[in-house]
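Structure data (compact mmCIF, C-alpha atoms) from data17.txt:
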```
# COMPACT_ATOMS: atom_id res chain seq x y z
CA MET A 27 6.85 -11.17 -36.64
CA PRO A 28 9.51 -10.03 -39.12
CA GLY A 29 11.69 -12.43 -41.04
CA ASP A 30 15.43 -12.42 -41.59
CA ALA A 31 17.32 -9.34 -42.75
CA ALA A 32 20.55 -9.09 -44.71
CA ALA A 33 23.71 -10.76 -43.42
CA LEU A 34 25.26 -9.11 -40.39
CA SER A 35 28.35 -6.97 -40.92
CA ASN A 36 31.60 -7.65 -39.08
CA GLU A 37 30.92 -4.65 -36.86
CA GLN A 38 27.47 -5.98 -36.01
CA LEU A 39 28.84 -9.45 -35.31
CA ALA A 40 31.28 -7.87 -32.86
CA ARG A 41 28.69 -5.54 -31.29
CA TYR A 42 26.16 -8.29 -30.64
CA SER A 43 28.62 -11.16 -30.09
CA ARG A 44 27.65 -11.86 -26.48
CA GLN A 45 24.01 -11.97 -27.52
CA ILE A 46 24.45 -13.97 -30.74
CA VAL A 47 26.24 -16.74 -28.85
CA LEU A 48 22.98 -17.50 -27.05
CA PRO A 49 21.12 -20.37 -28.73
CA GLU A 50 17.87 -18.46 -28.23
CA VAL A 51 19.23 -15.65 -30.43
CA ASP A 52 22.08 -16.70 -32.81
CA GLU A 53 22.60 -14.84 -36.10
CA SER A 54 19.10 -15.48 -37.41
CA GLY A 55 17.58 -14.05 -34.23
CA GLN A 56 19.83 -11.00 -34.45
CA GLN A 57 18.67 -10.45 -38.02
CA ARG A 58 15.11 -10.80 -36.80
CA LEU A 59 15.67 -8.09 -34.19
CA ALA A 60 17.13 -5.84 -36.88
CA ARG A 61 13.85 -6.13 -38.78
CA SER A 62 11.70 -5.53 -35.71
CA ARG A 63 9.71 -2.37 -35.05
CA VAL A 64 8.71 -1.37 -31.53
CA LEU A 65 6.54 1.48 -30.27
CA VAL A 66 7.40 2.78 -26.79
CA LEU A 67 4.99 5.20 -25.14
CA GLY A 68 6.65 7.15 -22.34
CA LEU A 69 10.35 7.96 -21.99
CA GLY A 70 10.45 8.21 -18.21
CA GLY A 71 11.39 5.76 -15.49
CA LEU A 72 10.14 2.74 -17.45
CA GLY A 73 10.80 3.89 -21.00
CA SER A 74 14.41 4.78 -20.18
CA PRO A 75 15.65 1.23 -19.45
CA VAL A 76 13.29 -0.27 -22.03
CA THR A 77 14.61 1.83 -24.91
CA THR A 78 18.22 1.56 -23.75
CA TYR A 79 18.14 -2.23 -23.77
CA LEU A 80 16.12 -2.51 -26.98
CA ALA A 81 18.52 -0.19 -28.77
CA GLY A 82 21.51 -2.00 -27.30
CA ALA A 83 20.07 -5.34 -28.44
CA GLY A 84 19.79 -4.10 -32.02
CA VAL A 85 16.05 -3.65 -32.49
CA GLY A 86 15.95 -2.00 -35.90
CA ARG A 87 13.27 0.66 -35.47
CA LEU A 88 12.11 2.38 -32.30
CA VAL A 89 9.11 4.70 -32.37
CA LEU A 90 9.26 6.90 -29.28
CA VAL A 91 6.34 8.91 -27.89
CA ASP A 92 6.46 11.43 -25.05
CA PRO A 93 5.03 14.98 -24.91
CA ASP A 94 7.11 16.14 -21.94
CA ARG A 95 10.38 17.99 -21.46
CA VAL A 96 13.21 16.86 -19.24
CA ASP A 97 12.97 18.22 -15.70
CA VAL A 98 15.70 18.02 -13.09
CA SER A 99 13.32 16.01 -10.89
CA ASN A 100 13.29 13.26 -13.55
CA LEU A 101 17.00 12.52 -13.42
CA HIS A 102 17.11 10.20 -10.39
CA ARG A 103 15.18 7.54 -12.30
CA GLN A 104 14.96 8.49 -15.99
CA ILE A 105 18.40 7.33 -17.06
CA LEU A 106 18.03 8.30 -20.71
CA HIS A 107 18.34 11.95 -19.76
CA ARG A 108 21.17 14.10 -18.40
CA THR A 109 21.56 17.41 -16.59
CA GLY A 110 22.59 18.97 -19.87
CA THR A 111 19.26 18.04 -21.48
CA VAL A 112 17.04 19.61 -18.79
CA GLY A 113 14.44 21.73 -20.57
CA THR A 114 14.65 19.88 -23.87
CA ALA A 115 12.03 17.53 -25.27
CA LYS A 116 12.37 14.03 -23.87
CA THR A 117 12.15 12.67 -27.41
CA ASP A 118 15.19 14.73 -28.44
CA SER A 119 17.12 13.74 -25.33
CA ALA A 120 16.25 10.08 -25.90
CA ARG A 121 17.24 10.19 -29.57
CA ALA A 122 20.67 11.61 -28.67
CA SER A 123 21.30 9.00 -25.95
CA LEU A 124 20.14 6.03 -28.00
CA THR A 125 21.95 7.11 -31.18
CA ALA A 126 25.16 7.46 -29.18
CA LEU A 127 24.62 3.94 -27.83
CA ASN A 128 23.78 2.31 -31.18
CA PRO A 129 23.75 4.33 -34.41
CA ASP A 130 22.31 1.32 -36.29
CA VAL A 131 18.89 1.84 -34.71
CA HIS A 132 16.42 3.94 -36.69
CA ILE A 133 14.55 6.24 -34.30
CA VAL A 134 11.23 7.95 -34.99
CA THR A 135 9.90 10.42 -32.42
CA HIS A 136 6.54 11.98 -31.56
CA ALA A 137 6.81 14.83 -29.05
CA SER A 138 3.06 14.87 -28.39
CA ARG A 139 0.46 12.48 -27.04
CA LEU A 140 -1.02 10.19 -29.64
CA HIS A 141 -4.77 9.67 -29.63
CA GLY A 142 -7.37 8.33 -32.01
CA ASP A 143 -6.21 7.80 -35.59
CA ALA A 144 -2.65 8.94 -34.83
CA LEU A 145 -2.28 6.29 -32.13
CA ARG A 146 -3.88 3.66 -34.34
CA ASP A 147 -1.49 4.46 -37.19
CA ALA A 148 1.53 4.26 -34.87
CA VAL A 149 0.47 0.87 -33.47
CA ALA A 150 -0.33 -0.45 -36.97
CA GLY A 151 3.22 0.34 -38.08
CA VAL A 152 5.02 -1.79 -35.47
CA ASP A 153 5.33 -5.40 -34.36
CA LEU A 154 5.08 -4.81 -30.60
CA VAL A 155 4.13 -2.04 -28.17
CA VAL A 156 5.67 -1.23 -24.79
CA ASP A 157 3.55 0.74 -22.32
CA GLY A 158 5.62 3.16 -20.26
CA THR A 159 2.77 5.59 -19.62
CA ASP A 160 1.74 6.72 -16.17
CA ASN A 161 -2.02 7.14 -16.28
CA PHE A 162 -5.12 5.00 -16.46
CA GLU A 163 -6.73 6.74 -19.45
CA SER A 164 -3.71 6.37 -21.73
CA ARG A 165 -3.27 2.71 -20.81
CA PHE A 166 -6.85 1.82 -21.61
CA GLU A 167 -6.86 3.63 -24.95
CA LEU A 168 -3.57 1.97 -25.90
CA ASN A 169 -4.93 -1.42 -24.86
CA ARG A 170 -8.05 -1.02 -27.00
CA VAL A 171 -5.97 -0.16 -30.06
CA CYS A 172 -3.55 -3.05 -29.49
CA VAL A 173 -6.46 -5.48 -29.13
CA ALA A 174 -8.11 -4.17 -32.30
CA LEU A 175 -4.87 -4.42 -34.31
CA ARG A 176 -3.68 -7.65 -32.64
CA ARG A 177 -0.38 -6.23 -31.43
CA PRO A 178 1.40 -7.68 -28.36
CA LEU A 179 1.51 -5.18 -25.49
CA VAL A 180 4.19 -5.25 -22.79
CA TYR A 181 2.85 -3.56 -19.66
CA GLY A 182 4.64 -2.16 -16.63
CA ALA A 183 3.89 0.21 -13.77
CA VAL A 184 5.73 1.43 -10.69
CA VAL A 185 4.71 3.32 -7.55
CA GLY A 186 6.94 3.90 -4.55
CA LEU A 187 8.82 0.65 -3.93
CA GLU A 188 6.35 -1.55 -5.80
CA GLY A 189 6.08 -2.57 -9.42
CA GLN A 190 4.07 -4.79 -11.70
CA ALA A 191 4.46 -6.16 -15.21
CA SER A 192 2.67 -8.38 -17.71
CA VAL A 193 2.56 -9.27 -21.39
CA PHE A 194 -0.74 -9.19 -23.26
CA ARG A 195 -0.53 -11.35 -26.39
CA ASN A 196 -3.26 -9.57 -28.28
CA ASP A 197 -2.09 -11.44 -31.38
CA ARG A 198 -3.55 -14.61 -29.86
CA ASP A 199 -7.27 -15.26 -29.52
CA ASP A 200 -7.02 -16.77 -26.03
CA SER A 201 -4.97 -13.99 -24.42
CA PRO A 202 -6.34 -11.70 -21.71
CA CYS A 203 -5.77 -7.98 -22.18
CA TYR A 204 -5.13 -5.03 -19.87
CA ALA A 205 -8.84 -4.53 -19.26
CA CYS A 206 -9.13 -8.17 -18.22
CA LEU A 207 -6.33 -7.52 -15.71
CA TYR A 208 -8.25 -4.89 -13.84
CA GLU A 209 -11.39 -6.97 -13.80
CA ASP A 210 -9.32 -9.79 -12.28
CA VAL A 211 -7.71 -7.49 -9.74
CA ALA A 212 -11.12 -6.26 -8.65
CA GLY A 213 -11.96 -9.82 -7.65
CA LEU A 214 -8.91 -10.37 -5.46
CA PRO A 215 -9.08 -10.42 -1.66
CA ASP A 216 -8.25 -7.03 -0.16
CA ALA A 217 -4.90 -8.30 1.18
CA GLU A 218 -3.78 -9.27 -2.34
CA ARG A 219 -5.23 -6.39 -4.31
CA PRO A 220 -2.78 -3.78 -5.69
CA THR A 221 -3.65 -0.30 -4.42
CA SER A 222 -5.67 2.13 -6.49
CA ASN A 223 -2.44 4.12 -7.00
CA TRP A 224 -1.77 1.84 -9.98
CA GLU A 225 -4.59 3.54 -11.84
CA ASN A 226 -2.63 6.80 -12.03
CA CYS A 227 1.08 6.80 -11.22
CA SER A 228 1.67 10.36 -12.40
CA GLY A 229 2.98 12.49 -9.55
CA GLN A 230 3.49 9.53 -7.20
CA GLY A 231 6.81 9.01 -5.44
CA VAL A 232 9.12 6.30 -6.74
CA LEU A 233 12.52 4.88 -5.84
CA GLY A 234 14.57 5.12 -9.02
CA PRO A 235 15.99 1.58 -9.20
CA VAL A 236 12.50 0.09 -8.83
CA ALA A 237 11.48 1.79 -12.07
CA GLY A 238 14.66 0.40 -13.61
CA LEU A 239 13.82 -3.08 -12.37
CA VAL A 240 10.36 -3.04 -13.95
CA GLY A 241 11.69 -1.51 -17.16
CA CYS A 242 14.34 -4.22 -17.45
CA ILE A 243 11.65 -6.87 -17.08
CA GLN A 244 9.64 -5.18 -19.83
CA ALA A 245 12.66 -5.03 -22.12
CA THR A 246 13.42 -8.71 -21.50
CA GLU A 247 9.87 -9.77 -22.29
CA ALA A 248 9.75 -7.57 -25.40
CA LEU A 249 12.92 -9.14 -26.78
CA LYS A 250 11.59 -12.63 -26.07
CA VAL A 251 8.40 -11.92 -28.00
CA LEU A 252 10.33 -10.41 -30.92
CA LEU A 253 12.59 -13.47 -31.02
CA GLY A 254 9.62 -15.83 -31.11
CA MET A 255 10.22 -17.15 -27.60
CA ASP A 256 7.46 -17.85 -25.11
CA SER A 257 6.92 -14.96 -22.74
CA GLY A 258 6.96 -15.95 -19.10
CA LEU A 259 4.55 -13.14 -18.32
CA ALA A 260 1.94 -13.83 -20.98
CA GLY A 261 -1.31 -14.42 -19.13
CA ARG A 262 0.31 -13.63 -15.78
CA LEU A 263 0.74 -10.50 -13.63
CA LEU A 264 4.06 -10.14 -11.82
CA LEU A 265 3.99 -8.12 -8.59
CA ILE A 266 7.25 -6.75 -7.16
CA ASP A 267 7.70 -5.57 -3.59
CA ALA A 268 11.14 -4.00 -3.37
CA ARG A 269 10.83 -3.38 0.38
CA SER A 270 11.02 -7.10 1.05
CA MET A 271 12.46 -7.90 -2.40
CA GLU A 272 9.69 -10.41 -2.98
CA PHE A 273 8.20 -11.35 -6.33
CA ARG A 274 4.84 -13.04 -6.68
CA SER A 275 2.44 -13.55 -9.54
CA PHE A 276 -1.07 -14.68 -10.32
CA PRO A 277 -2.67 -15.91 -13.55
CA LEU A 278 -4.93 -13.69 -15.61
CA ARG A 279 -8.03 -14.93 -17.38
CA LYS A 280 -9.59 -13.68 -20.58
CA ARG A 281 -13.06 -12.46 -19.71
CA ALA A 282 -15.96 -12.94 -22.09
CA SER A 283 -17.47 -9.72 -20.75
CA CYS A 284 -14.29 -7.64 -21.23
CA SER A 285 -15.10 -4.33 -22.93
CA ALA A 286 -11.90 -4.50 -25.02
CA CYS A 287 -11.33 -8.13 -25.99
CA GLY A 288 -14.45 -9.99 -24.88
CA VAL A 289 -17.31 -11.43 -26.88
CA PRO A 290 -19.84 -8.68 -27.81
CA ALA A 291 -22.90 -8.90 -25.58
CA ALA A 292 -25.20 -9.29 -28.57
CA THR A 293 -23.45 -12.52 -29.64
CA ARG A 294 -23.23 -14.21 -26.23
CA GLY A 295 -25.32 -17.33 -25.76
```

So that I can check it, write out the structure of this file as structure tokens.
Amino acid sequence: MPGDAAALSNEQLARYSRQIVLPEVDESGQQRLARSRVLVLGLGGLGSPVTTYLAGAGVGRLVLVDPDRVDVSNLHRQILHRTGTVGTAKTDSARASLTALNPDVHIVTHASRLHGDALRDAVAGVDLVVDGTDNFESRFELNRVCVALRRPLVYGAVVGLEGQASVFRNDRDDSPCYACLYEDVAGLPDAERPTSNWENCSGQGVLGPVAGLVGCIQATEALKVLLGMDSGLAGRLLLIDARSMEFRSFPLRKRASCSACGVPAATRG
């Protein structure tokens, strides 16, 4: 993780005063955030609160990826965007909103999907990655790259009135990864297993505030990791049922046979 930056200006001390007063942050933590670089894939229902809170907190560099344009159907949950930005690239809409919130944050945008070398280069250039994508294929490719480059990955998903979140500390040898999660879920009793809808959330219905709830959890965990704090969701999957407003979690295990982070079959004893 990045070290300290230059001394904070008077304007920055005022802007972040309610955050700096926290012993978990203080001035050195605020400087650390200013040096931090975060990649956020997806600027929809999850990416909107994530980027808003990371920018507000003073994360120095945000790399934003989304190939889509703002549609009027997005607006009930994607709070980065406004009626006036319908039809524009989500990356442009997000840049305008986040710059208006905090002009100190340096924003880099990619208005196309990143795959292969382009995705690897983007992940290599940051300290932490936040997954706000909505499909199984993108999540697994992102996970493989984060494992290979040892970058922490903050995961979230939302469908209907349900959400889930976790933190995969790929920078630690003993951490499970996203692929381990789905192997674990496959072994749960039917009554406890999340539905297959989690594999592809694109086009599913969602209650707007539930996406905001999951995104806020992701933003909180991302800031904790950047500040060097222990993440409460590392090695654990949080399940949210907004119908009953119940939260439950179960531990995740690193699997030796995992295709992304496990021990290669040829080297197993």

* To do: Measuring atom to atom with all atoms listed in the file, identify which of A:Ser123, A:Leu88, A:Cys287, A:Ile133 is nearest to Arg108 (chain A).
  => A:Ser123

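Restricting the calculation to only C-alpha atoms, the smallest distance between Ala83 (chain A) and any of A:Pro129, A:Gly71, A:Pro49, A:Gly234 is found for A:Pro129.
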
* Asked: Suppose you want the space between CA of Asn161 (chain A) and CA of Met271 (chain A); what is it in Å?
  ->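 Distance between the two atoms: 25.1 Å.
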
* Quick one, how far is CA of Tyr204 (chain A) from CA of Leu187 (chain A)? -> 21.9 Å

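Picture a line from CA of Arg121 (chain A) to CA of Leu90 (chain A); it runs 8.6 Å.
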
* Residue nearest Thr77 (chain A) among A:Gly110, A:Pro178, A:Gly241, A:Pro235 (counting all atoms listed in the file) -> A:Gly241

* Asked: Which polymer residues have any atom within 7 Å of an atom of Val112 (chain A), counting all atoms listed in the file, with same-chain residues fewer than 5 positions away left out, as a list in words?
  ->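 Everything that qualifies: Val96, Asp97 and Val98 of chain A.
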
* **Nearest residue to Gly70 (chain A) from the set A:Ser275, A:Ile105, A:Ala260, A:Ser164 (distances using only C-alpha atoms)** => A:Ile105

* Structure fact -> Judged by only C-alpha atoms, the minimum distance to Gly73 (chain A) among A:Pro202, A:Gly288, A:Gly238, A:Pro277 is found for A:Gly238

* Shell around Arg58 (chain A) at 12 Å using all atoms listed in the file, local window under 3 positions removed, as a ChimeraX atom specification -> /A:27-34,46,50-55,61-63,83-87,153,249-254

* Please write as an MDAnalysis selection string the list of polymer residues whose atoms come within 9 Å of (8.9, -5.2, -5.3), counting all atoms listed in the file and keeping to the coordinates of the file. => chainID A and resid 187:190 236 239 265:274

* **Nearby residues (only C-alpha atoms) at most 12 Å from Phe166 (chain A), same-chain spacing under 6 positions excluded, as a PyMOL selection string** => chain A and resi 141+157+159-160+172-173+179+181+203-208+225-226+285-287

Which centre and edge lengths in Å to one decimal define the box along x, y and z that fits every listed atom of region 150-167 of chain A plus 8 Å per side, as AutoDock Vina command-line options?
```
--center_x -0.6 --center_y 0.9 --center_z -27.1 --size_x 28.5 --size_y 28.5 --size_z 37.9
```

* **Best match for closeness to Ser257 (chain A) among A:Ala237, A:Ala120, A:Val180, A:Ala144, counting only C-alpha atoms** => A:Val180

* To do: Fewer than 4 positions away in the same chain doesn't count, so skip those; otherwise give me all residues within 7 Å of Gly182 (chain A), counting only C-alpha atoms, as a list in words.
  => Asp157, Gly158, Gln190, Ala191, Ser192, Val240 and Gln244 of chain A
